[in-house]
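Novice: Dumping the structure here so I can ask a few things about it.
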Amino acid sequence: MLSIVICALWVTLNQSVKALQLDDSHLQQLQSRRTWMIGTATTAMSPALVMPLPALAAESSIPPIVKPGSRARLDPVTIGAWETMPQLQTTLGQARIGSADLRPFSQGLNPFADQELYYNPFLFGAWNTTATLKRKIFPFGTSYLPSSSLVEGSPRHGEEAVGNACTYEQHYFSTLANTLRNQVTVNFGTGVPQSKVIQDRSFNIISMSKAYHQLTPVEQVEWDYQKEPTKLYLIYRAAPVANDMRPLGRRRATVYLNGRARADNDQGSVSCVLEQSRSVLQAPGAVVVSDTEVVTEYYAIDSDHVKAVSRIAVYLSPNPNSREGLLWEQVGGRAVGLYDYELDMRRIKESFQLGDGTMIEKACVTTPKDYVQCE
């Protein structure tokens, strides 16, 4: 069935390519209506970063359509430099952050694969995170970006420049993991199920959206981490009026977390996580689809301090009825925008008074169900 769908997609795509060769009016009619969803993979979010948070932005100029079946040339344009970038210590980080030529990550068809991204235990708790955009890489040049805001800014904010820093709070909590091992343990009574650390996506997305002062911040996140961990529903605050004074209306996005991976070093002090997401934004008169990957390599400096290198990779959408879909074919589905961040994470601790009057500090975090967990 999947092969049939793919073949049908390519047939439609090739028909669209031929149509584009007719005249300029056809080019204008088939121009992509996509407006980039700025902001949590987030990823991503994500992800690792949480995830990029959707928001509307202006279209970019589109390069001339080349001949059908041809391929764009890899010719990276880099904005900014990162002379003191930490050495990547995991194979996952080296492959996904150390390269400018990225194809979508393939997780394989494993029916028993985890449906949630589990983090290294050293990330448990609440953190004040400062993210600094260090560089932007456009593997095929700036003309292949689906929005000019991705050249002038980033997926997090349309005006974020290299060197800009933003601080926000992040939460990671412990939960009984819905893994195959735990299911066997519970069903057969063979031991005690293991807990895992996951991120509080609802809190983290809203926290990041506010910190980046997005035009229409995320107001509510619907996420059931126990029953449906791979799908989120984002509801946005009512948007302001457009330039022509028309109300933009409310928007809602569905985020599908469709791929994940993790790799740690032997000592457990370095952990790299990856997450792929597809966001579908529903706005009055438009449906916008975007694919994003967020990969982050964390370095535990000590128990209260973590540094990280994080990358957001932006992919075009393979829509056969849009010019963006044609550009997707030309780049072979590879990433067209890479945004590299340096993260500095400082643990937030709470003070407690013991019976003898002694004050102690502990790493604590509030879960989505309003329970407080401490080390």
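Residue numbering restarts at 1 for every chain of the structure tokens, chains are lettered A, B, ... in their displayed order, and ligands are numbered from 1 as they appear.
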Using only C-alpha atoms, which residues of range 191-306 of chain A come within 12 Å of range 141-150 of chain A, and what is the closest atom pair for each, with the distance in Å to one decimal? Give it as CSV, sorted by chain and residue number.
Specialist:
```
residue,atom,partner,partner_atom,distance
A:Val288,CA,A:Pro146,CA,11.4
A:Val289,CA,A:Pro146,CA,11.2
A:Ser290,CA,A:Pro146,CA,9.7
A:Asp291,CA,A:Pro146,CA,11.6
```
Novice: Using N, CA, C and O atoms, can you export the residues from the last selection as a compact mmCIF listing (two decimals), in the first residue's frame?
Specialist:
```
# COMPACT_ATOMS: atom_id res chain seq x y z
N VAL A 288 -1.16 24.29 6.66
CA VAL A 288 0.29 24.36 6.44
C VAL A 288 0.95 23.14 7.07
O VAL A 288 0.71 22.83 8.24
N VAL A 289 1.78 22.45 6.29
CA VAL A 289 2.48 21.26 6.77
C VAL A 289 3.98 21.53 6.76
O VAL A 289 4.52 22.08 5.80
N SER A 290 4.67 21.16 7.84
CA SER A 290 6.12 21.33 7.89
C SER A 290 6.76 20.16 8.61
O SER A 290 6.19 19.59 9.55
N ASP A 291 7.95 19.78 8.15
CA ASP A 291 8.71 18.68 8.73
C ASP A 291 9.99 19.23 9.36
O ASP A 291 10.71 20.01 8.71
```
Novice: Do a neighbour search on Thr90 in chain A at 8 Å with only C-alpha atoms, toss out local chain neighbours closer than 3 positions, and write the hits as a list in words.
Specialist: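 Surrounding residues, per the criterion: Gly93, Gln94, Ala263, Asp264, Asn265, Val270, Ser271, Cys272 and Glu297 of chain A.
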Novice: Take the residues from that selection and write them out as an mmCIF file, in the first residue's frame, keeping C-alpha atoms.
Specialist:
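This went into part35.cif:
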```cif
data_model
loop_
_atom_site.group_PDB
_atom_site.id
_atom_site.type_symbol
_atom_site.label_atom_id
_atom_site.label_comp_id
_atom_site.auth_asym_id
_atom_site.auth_seq_id
_atom_site.Cartn_x
_atom_site.Cartn_y
_atom_site.Cartn_z
ATOM 1 C CA GLY A 93 25.668 13.781 17.158
ATOM 2 C CA GLN A 94 28.523 13.455 14.689
ATOM 3 C CA ALA A 263 22.899 7.619 22.039
ATOM 4 C CA ASP A 264 25.031 7.991 25.206
ATOM 5 C CA ASN A 265 28.757 7.753 25.744
ATOM 6 C CA VAL A 270 27.126 12.747 27.362
ATOM 7 C CA SER A 271 23.750 12.021 25.813
ATOM 8 C CA CYS A 272 22.462 12.801 22.324
ATOM 9 C CA GLU A 297 23.902 16.514 22.437
#
```
Novice: Any idea what's packed within 7 Å of Gly249 in chain A, counting only C-alpha atoms, ignoring anything in its chain fewer than 2 positions away? Could you give it as a PyMOL selection string?
Specialist: chain A and resi 238-239+247+251+284
Novice: So that I can check the surroundings of Cys374 in chain A, please list as an mmCIF file with N, CA, C and O atoms, in the first residue's frame every protein, DNA and RNA residue that reaches within 10 Å of it, counting only C-alpha atoms and ignoring chain neighbours fewer than 4 positions away.
Specialist:
```cif
data_model
loop_
_atom_site.group_PDB
_atom_site.id
_atom_site.type_symbol
_atom_site.label_atom_id
_atom_site.label_comp_id
_atom_site.auth_asym_id
_atom_site.auth_seq_id
_atom_site.Cartn_x
_atom_site.Cartn_y
_atom_site.Cartn_z
ATOM 1 N N PHE A 124 16.825 15.114 34.797
ATOM 2 C CA PHE A 124 15.645 15.213 35.655
ATOM 3 C C PHE A 124 15.625 16.552 36.393
ATOM 4 O O PHE A 124 16.644 17.025 36.888
ATOM 5 N N GLY A 125 14.429 17.163 36.476
ATOM 6 C CA GLY A 125 14.253 18.384 37.249
ATOM 7 C C GLY A 125 13.828 19.568 36.416
ATOM 8 O O GLY A 125 13.418 19.447 35.257
ATOM 9 N N PHE A 173 10.576 15.192 33.890
ATOM 10 C CA PHE A 173 10.068 14.460 35.044
ATOM 11 C C PHE A 173 10.169 12.957 34.818
ATOM 12 O O PHE A 173 10.446 12.482 33.709
ATOM 13 N N SER A 174 9.934 12.207 35.878
ATOM 14 C CA SER A 174 10.058 10.758 35.842
ATOM 15 C C SER A 174 8.678 10.118 35.717
ATOM 16 O O SER A 174 7.716 10.558 36.342
ATOM 17 N N LYS A 349 16.633 24.721 42.025
ATOM 18 C CA LYS A 349 16.471 23.916 43.239
ATOM 19 C C LYS A 349 15.484 24.577 44.189
ATOM 20 O O LYS A 349 15.289 25.793 44.161
ATOM 21 N N GLU A 350 14.870 23.757 45.008
ATOM 22 C CA GLU A 350 13.945 24.243 46.021
ATOM 23 C C GLU A 350 14.534 23.999 47.410
ATOM 24 O O GLU A 350 15.213 22.999 47.646
ATOM 25 N N LYS A 362 16.965 20.743 47.131
ATOM 26 C CA LYS A 362 16.738 19.556 46.328
ATOM 27 C C LYS A 362 16.276 19.953 44.927
ATOM 28 O O LYS A 362 15.644 20.998 44.735
ATOM 29 N N ALA A 363 16.602 19.077 43.971
ATOM 30 C CA ALA A 363 16.104 19.257 42.608
ATOM 31 C C ALA A 363 14.691 18.694 42.537
ATOM 32 O O ALA A 363 14.482 17.497 42.762
ATOM 33 N N CYS A 364 13.721 19.541 42.264
ATOM 34 C CA CYS A 364 12.321 19.124 42.200
ATOM 35 C C CYS A 364 11.690 19.626 40.908
ATOM 36 O O CYS A 364 12.188 20.567 40.272
ATOM 37 N N VAL A 365 10.581 19.006 40.534
ATOM 38 C CA VAL A 365 9.862 19.417 39.338
ATOM 39 C C VAL A 365 8.396 19.049 39.507
ATOM 40 O O VAL A 365 8.065 18.048 40.149
ATOM 41 N N THR A 366 7.527 19.878 38.951
ATOM 42 C CA THR A 366 6.088 19.609 38.969
ATOM 43 C C THR A 366 5.709 18.889 37.689
ATOM 44 O O THR A 366 6.046 19.329 36.584
#
```
Novice: Produce a table with one row for each residue of range 112-208 of chain A that has an atom at most 10 Å from any atom of range 217-233 of chain A, each row naming the nearest atom pair and its distance in Å at one decimal; use only C-alpha atoms; arrange rows by chain and rising residue number; format as JSON lines.
Specialist:
```
{"residue": "A:Gln115", "atom": "CA", "partner": "A:Thr230", "partner_atom": "CA", "distance": 6.5}
{"residue": "A:Glu116", "atom": "CA", "partner": "A:Pro229", "partner_atom": "CA", "distance": 6.2}
{"residue": "A:Leu117", "atom": "CA", "partner": "A:Pro229", "partner_atom": "CA", "distance": 9.2}
{"residue": "A:Thr175", "atom": "CA", "partner": "A:Gln226", "partner_atom": "CA", "distance": 9.0}
{"residue": "A:Leu176", "atom": "CA", "partner": "A:Gln226", "partner_atom": "CA", "distance": 9.1}
{"residue": "A:Ala177", "atom": "CA", "partner": "A:Gln226", "partner_atom": "CA", "distance": 8.6}
{"residue": "A:Asn178", "atom": "CA", "partner": "A:Gln226", "partner_atom": "CA", "distance": 7.5}
{"residue": "A:Ile198", "atom": "CA", "partner": "A:Tyr225", "partner_atom": "CA", "distance": 9.2}
{"residue": "A:Gln199", "atom": "CA", "partner": "A:Tyr225", "partner_atom": "CA", "distance": 9.7}
{"residue": "A:Asp200", "atom": "CA", "partner": "A:Tyr225", "partner_atom": "CA", "distance": 8.8}
{"residue": "A:Arg201", "atom": "CA", "partner": "A:Trp223", "partner_atom": "CA", "distance": 7.7}
{"residue": "A:Ser202", "atom": "CA", "partner": "A:Val221", "partner_atom": "CA", "distance": 5.2}
{"residue": "A:Phe203", "atom": "CA", "partner": "A:Val221", "partner_atom": "CA", "distance": 8.2}
{"residue": "A:Asn204", "atom": "CA", "partner": "A:Val221", "partner_atom": "CA", "distance": 9.9}
{"residue": "A:Ile205", "atom": "CA", "partner": "A:Val218", "partner_atom": "CA", "distance": 7.5}
{"residue": "A:Ile206", "atom": "CA", "partner": "A:Val218", "partner_atom": "CA", "distance": 5.7}
{"residue": "A:Ser207", "atom": "CA", "partner": "A:Val218", "partner_atom": "CA", "distance": 9.0}
{"residue": "A:Met208", "atom": "CA", "partner": "A:Val218", "partner_atom": "CA", "distance": 9.2}
```
Novice: Using only C-alpha atoms, pick whichever of A:Tyr256, A:Tyr339, A:Tyr299, A:Tyr168 has the shortest atom-to-atom distance to Arg311 in chain A.
Specialist: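 The shortest atom-to-atom distance to Arg311 in chain A comes from A:Tyr339.
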Novice: When DSSP works through the backbone of this structure, what residues of range 80-304 of chain A end up as helix (DSSP H, G or I), shown as a PyMOL selection string?
Specialist: chain A and resi 91-96+121-123+142-144+149-152+180-188+201-211
Novice: Can you list, as a ChimeraX atom specification, all residues belonging to range 108-340 of chain A that DSSP tags as strand (DSSP E or B)?
Specialist: /A:119,125-138,147,165-176,195-199,218-224,228-236,241,247,252-264,270-283,286-302,305-315,337-340
Novice: Using only C-alpha atoms, which of the listed residues (A:Arg262, A:Val294, A:Ala211, A:Leu123) sits closest to Ser277 in chain A?
Specialist: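 Answer, going by the shortest atom-to-atom distance: A:Val294.
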Novice: Which one is closest to Ser195 in chain A: A:Asn120, A:Thr91, A:Thr358, A:Thr84? Count only C-alpha atoms.
Specialist: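 Of A:Asn120, A:Thr91, A:Thr358, A:Thr84, the one nearest Ser195 in chain A, counting only C-alpha atoms, is A:Asn120.
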Novice: Could you tell me how far CA of Tyr371 in chain A sits from CA of Gln353 in chain A, in Å to one decimal place?
Specialist: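 Result for CA of Gln353 in chain A versus CA of Tyr371 in chain A: 19.7 Å, one decimal.
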Novice: What gap, in Å, lies between CA of Ala81 in chain A and CA of Ala161 in chain A?
Specialist: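 Taking CA of Ala81 in chain A as the start and CA of Ala161 in chain A as the end point, the length is 12.4 Å.
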Novice: Residues within 8 Å of Ala300 in chain A, please, as a list in words. Count only C-alpha atoms; anything in the same chain fewer than 3 positions from it doesn't count.
Specialist: Phe122, Ser269, Val270, Ser303, His305, Val306 and Lys307 of chain A
Novice: Could you save those same residues with N, CA, C and O atoms as a short mmCIF file (atom, residue, chain, number, x, y, z; two decimals), in the first residue's frame?
Specialist:
```cif
data_model
loop_
_atom_site.label_atom_id
_atom_site.label_comp_id
_atom_site.auth_asym_id
_atom_site.auth_seq_id
_atom_site.Cartn_x
_atom_site.Cartn_y
_atom_site.Cartn_z
N PHE A 122 20.35 12.42 34.15
CA PHE A 122 20.93 13.66 34.69
C PHE A 122 20.12 14.90 34.29
O PHE A 122 20.36 15.99 34.82
N SER A 269 27.91 10.49 30.75
CA SER A 269 27.96 11.94 31.00
C SER A 269 27.62 12.75 29.76
O SER A 269 27.47 13.97 29.84
N VAL A 270 27.51 12.09 28.62
CA VAL A 270 27.13 12.75 27.36
C VAL A 270 25.97 11.96 26.77
O VAL A 270 26.01 10.73 26.68
N SER A 303 26.35 18.08 38.58
CA SER A 303 24.96 17.70 38.83
C SER A 303 23.97 18.84 38.63
O SER A 303 22.77 18.60 38.46
N HIS A 305 24.67 21.60 36.37
CA HIS A 305 25.04 22.39 35.19
C HIS A 305 25.20 21.47 33.99
O HIS A 305 25.97 20.50 34.03
N VAL A 306 24.47 21.77 32.93
CA VAL A 306 24.53 21.00 31.69
C VAL A 306 24.71 21.96 30.52
O VAL A 306 24.07 23.01 30.48
N LYS A 307 25.59 21.60 29.61
CA LYS A 307 25.74 22.35 28.37
C LYS A 307 25.31 21.45 27.22
O LYS A 307 25.31 20.21 27.35
#
```
Novice: Looking at only C-alpha atoms, which of A:Leu74, A:Ile312, A:Ala261, A:Ala100 is the one that sits closest to Leu274 in chain A?
Specialist: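 Checking each candidate against Leu274 in chain A, we get A:Ala261 as the closest.
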